[in-house]
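Trainee: Hey, dropping my_file-v3.txt in here, compact mmCIF, C-alpha atoms:
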```txt
# COMPACT_ATOMS: atom_id res chain seq x y z
CA MET A 1 18.86 172.65 149.44
CA VAL A 2 21.34 171.32 146.98
CA ARG A 3 22.00 167.92 148.53
CA ARG A 4 19.05 166.03 147.04
CA PRO A 5 19.74 167.07 143.43
CA VAL A 6 23.43 166.26 143.88
CA ALA A 7 22.55 162.80 145.19
CA PHE A 8 20.15 162.17 142.29
CA VAL A 9 22.66 163.35 139.66
CA THR A 10 25.37 161.17 141.23
CA ALA A 11 23.06 158.15 141.14
CA ILE A 12 22.10 158.75 137.52
CA VAL A 13 25.73 159.18 136.46
CA LEU A 14 26.74 155.97 138.24
CA PHE A 15 23.86 154.08 136.57
CA VAL A 16 24.86 155.41 133.13
CA GLU A 17 28.48 154.51 133.84
CA ALA A 18 27.41 150.97 134.77
CA VAL A 19 25.68 150.55 131.42
CA GLY A 20 28.72 151.99 129.64
CA ILE A 21 31.11 149.62 131.40
CA VAL A 22 29.01 146.59 130.47
CA LEU A 23 28.79 147.77 126.84
CA VAL A 24 32.54 148.41 126.56
CA ASN A 25 33.37 145.02 128.04
CA GLY A 26 30.84 143.40 125.72
CA ILE A 27 32.52 145.01 122.72
CA LEU A 28 35.95 143.93 123.97
CA ALA A 29 34.71 140.37 124.49
CA THR A 30 33.22 140.28 120.99
CA VAL A 31 36.43 141.57 119.42
CA ALA A 32 38.56 139.12 121.41
CA GLY A 33 36.25 136.27 120.39
CA ASN A 34 36.17 137.20 116.71
CA GLN A 35 39.92 137.65 116.49
CA ARG A 36 40.64 134.57 118.65
CA MET A 37 42.97 136.75 120.69
CA SER A 38 44.89 135.36 123.63
CA LEU A 39 47.27 136.76 126.17
CA ALA A 40 50.47 134.78 126.85
CA GLY A 41 48.97 131.59 125.44
CA MET A 42 45.72 131.78 127.44
CA ASP A 43 42.68 130.15 125.88
CA PRO A 44 40.74 132.76 123.84
CA ASP A 45 37.45 131.48 125.23
CA ALA A 46 38.74 132.16 128.74
CA MET A 47 39.58 135.72 127.66
CA VAL A 48 36.05 136.22 126.31
CA THR A 49 34.42 134.75 129.41
CA GLY A 50 36.64 136.77 131.73
CA THR A 51 35.85 139.99 129.89
CA TRP A 52 32.10 139.35 130.12
CA VAL A 53 32.35 138.48 133.81
CA MET A 54 34.46 141.56 134.55
CA GLY A 55 31.96 143.77 132.74
CA GLY A 56 29.02 142.25 134.57
CA VAL A 57 30.64 142.46 138.00
CA SER A 58 31.76 146.05 137.41
CA GLY A 59 28.28 147.00 136.22
CA VAL A 60 26.60 145.42 139.24
CA LEU A 61 29.01 147.15 141.62
CA LEU A 62 28.40 150.52 139.98
CA VAL A 63 24.64 149.99 140.21
CA LEU A 64 24.98 149.16 143.90
CA CYS A 65 27.12 152.26 144.40
CA GLY A 66 24.46 154.28 142.55
CA LEU A 67 21.71 153.00 144.83
CA ILE A 68 23.37 154.58 147.86
CA PRO A 69 23.09 158.22 146.71
CA LEU A 70 19.66 157.47 145.23
CA LEU A 71 18.36 156.28 148.59
CA ALA A 72 20.10 159.17 150.34
CA GLY A 73 18.37 161.60 148.00
CA ILE A 74 14.97 159.99 148.42
CA ARG A 75 15.26 159.86 152.22
CA ASP A 76 17.06 163.23 152.44
CA ARG A 77 19.43 161.65 154.96
CA ALA A 78 23.12 160.92 154.91
CA PRO A 79 24.13 157.38 153.97
CA GLY A 80 24.95 155.08 156.86
CA ARG A 81 28.39 153.85 157.78
CA VAL A 82 28.47 151.03 155.20
CA GLY A 83 27.09 153.35 152.52
CA ARG A 84 29.73 155.99 153.23
CA ILE A 85 32.52 153.41 153.18
CA THR A 86 31.21 152.05 149.88
CA LEU A 87 31.08 155.52 148.33
CA ILE A 88 34.58 156.29 149.58
CA ALA A 89 35.86 153.06 148.02
CA CYS A 90 34.06 153.95 144.78
CA ALA A 91 35.67 157.40 144.84
CA VAL A 92 39.13 155.90 145.37
CA VAL A 93 38.62 153.50 142.46
CA HIS A 94 37.54 156.40 140.23
CA GLY A 95 40.64 158.36 141.26
CA VAL A 96 42.98 155.49 140.45
CA LEU A 97 41.21 154.75 137.16
CA GLY A 98 41.38 158.44 136.29
CA ALA A 99 45.14 158.45 136.82
CA LEU A 100 45.50 155.39 134.59
CA ALA A 101 43.09 156.74 131.98
CA VAL A 102 45.28 159.74 131.19
CA GLY A 103 48.01 157.60 129.71
CA LEU A 104 45.91 154.78 128.30
CA ILE A 105 42.79 156.45 126.93
CA GLY A 106 43.22 160.22 127.01
CA TRP A 107 42.17 163.39 128.73
CA ALA A 108 38.47 163.05 127.95
CA ALA A 109 38.23 159.80 129.93
CA PHE A 110 40.23 161.43 132.72
CA ALA A 111 37.85 164.40 132.80
CA PHE A 112 34.80 162.11 132.95
CA LEU A 113 36.23 160.00 135.77
CA MET A 114 37.21 163.11 137.72
CA ALA A 115 33.70 164.53 137.26
CA VAL A 116 32.23 161.31 138.66
CA LEU A 117 34.77 161.43 141.50
CA ALA A 118 33.75 165.01 142.26
CA LEU A 119 30.07 164.07 142.32
CA ILE A 120 30.70 161.18 144.70
CA VAL A 121 32.78 163.35 147.04
CA LEU A 122 30.20 166.15 146.84
CA THR A 123 27.48 163.66 147.77
CA LEU A 124 29.52 162.60 150.78
CA VAL A 125 30.19 166.18 151.85
CA VAL A 126 26.77 167.81 151.40
CA PHE A 127 25.01 165.39 153.73
CA ASP A 128 26.02 166.61 157.16
CA ARG A 129 26.42 163.73 159.62
CA SER A 130 26.32 166.02 162.67
CA GLU A 131 22.64 166.90 162.51
CA PRO A 132 21.45 168.34 165.82
CA GLU A 133 19.78 165.83 168.07
CA ALA A 134 16.54 166.48 169.90
CA VAL A 135 17.36 168.51 173.01
CA GLU A 136 15.11 168.56 176.02
CA PRO A 137 13.99 171.99 177.20
CA THR A 138 16.15 173.30 180.04
CA GLY A 139 13.35 175.00 181.98
CA ALA A 140 13.90 173.06 185.19
CA ALA A 141 17.21 172.23 186.78
CA PRO A 142 17.94 168.53 187.29
CA GLU A 143 17.58 167.28 190.83
CA PRO A 144 20.78 166.15 192.55
CA VAL A 145 21.04 162.46 193.32
```
Starting from the coordinates I provided, produce the structure as structure tokens.

Mentor:
Amino acid sequence: MVRRPVAFVTAIVLFVEAVGIVLVNGILATVAGNQRMSLAGMDPDAMVTGTWVMGGVSGVLLVLCGLIPLLAGIRDRAPGRVGRITLIACAVVHGVLGALAVGLIGWAAFAFLMAVLALIVLTLVVFDRSEPEAVEPTGAAPEPV
């Protein structure tokens, strides 16, 4: 089956993306701190702190989103309701960021975000939620009540 490798690849990509997001925000925080940059008169230290916090929170959320396909791949079962909702939200965020990335960063960032989006959606689709339940043998007819 292809569903376990897809789940593992999705988890790995989300973990790598989490590290990348933290690194990019760390670089942005360092640059903002060294240049004493501010936005509309905001304290530069607040900009640095906010950038670090945003990077950390984004990284933690991506790691949590990566744990869902990892556990699904290990268990070889579809994620539960909360896991599916989380992955759908993660897919929507990647779609919106991909649309923004075209104009702000370029087509390479768009292609990466769309590849991650495709992996998340593929993970959601390959695990079939309508697995057949255990059916009792129909050898004897049920007695009327």

Trainee: Name the closest residue to Leu23 of chain A among the candidates A:Gly83, A:Gly73, A:Gly56, A:Pro44; distances are taken between atoms, counting all atoms listed in the file.

Mentor: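 When distances to Leu23 of chain A are compared using all atoms listed in the file, the smallest one comes from A:Gly56.
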
Trainee: Where does segment 48-129 of chain A meet segment 30-37 of chain A within 10 Å, residue by residue, with the nearest atom pair and distance in Å to one decimal for each, counting only C-alpha atoms, listed by chain and rising number, as CSV?

Mentor:
```
residue,atom,partner,partner_atom,distance
A:Val48,CA,A:Gly33,CA,5.9
A:Thr49,CA,A:Gly33,CA,9.3
A:Thr51,CA,A:Ala32,CA,8.9
A:Trp52,CA,A:Thr30,CA,9.2
```

Trainee: From the set A:Ala101, A:Leu87, A:Val93, A:Phe110, which residue has the shortest atom-to-atom contact distance to Leu70 of chain A, counting all atoms listed in the file?

Mentor: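 Residue with the minimum atom-to-atom distance to Leu70 of chain A: A:Leu87.
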
Trainee: Write out as a list in words each polymer residue whose atoms come within 6 Å of segment 59-67 of chain A, counting all atoms listed in the file; drop sequence neighbours fewer than 6 positions from it.

Mentor: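 Counting all atoms listed in the file, the residues come to Ala11, Leu14, Phe15, Ala18 and Val22 of chain A.
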
Trainee: Quick one: distance from atom CA of Val125 of chain A to atom CA of Leu71 of chain A in Å, one decimal?

Mentor: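 Computed distance, atom CA of Val125 of chain A to atom CA of Leu71 of chain A, equals 15.8 Å.
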
Trainee: How many Å separate atom CA of Thr123 of chain A from atom CA of Met54 of chain A?

Mentor: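 If I compute the distance from atom CA of Thr123 of chain A to atom CA of Met54 of chain A, I get 26.7 Å.
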
Trainee: In Å, with one decimal, what is the gap from atom CA of Phe8 of chain A to atom CA of Ala115 of chain A?

Mentor: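 Atom CA of Ala115 of chain A lies 14.6 Å from atom CA of Phe8 of chain A.
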
Trainee: Find the residue from A:Ala78, A:Val96, A:Ile68, A:Val6 that sits nearest to Phe127 of chain A; use only C-alpha atoms when measuring.

Mentor: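 So, comparing all the options, the nearest one is A:Ala78.
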
Trainee: With distances taken over only C-alpha atoms, which residue among A:Met114, A:Val19, A:Ala40, A:Ile74 lies nearest His94 of chain A?

Mentor: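 Closest to His94 of chain A, using only C-alpha atoms: A:Met114.
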
Trainee: Would you please work out which residue, of A:Ala111, A:Leu117, A:Gly106, A:Gly55, is nearest to Ile27 of chain A when using only C-alpha atoms?

Mentor: A:Gly55

Trainee: Would you please work out which residue, of A:Leu104, A:Met47, A:Leu124, A:Ala99, is nearest to Gly80 of chain A when using only C-alpha atoms?

Mentor: A:Leu124
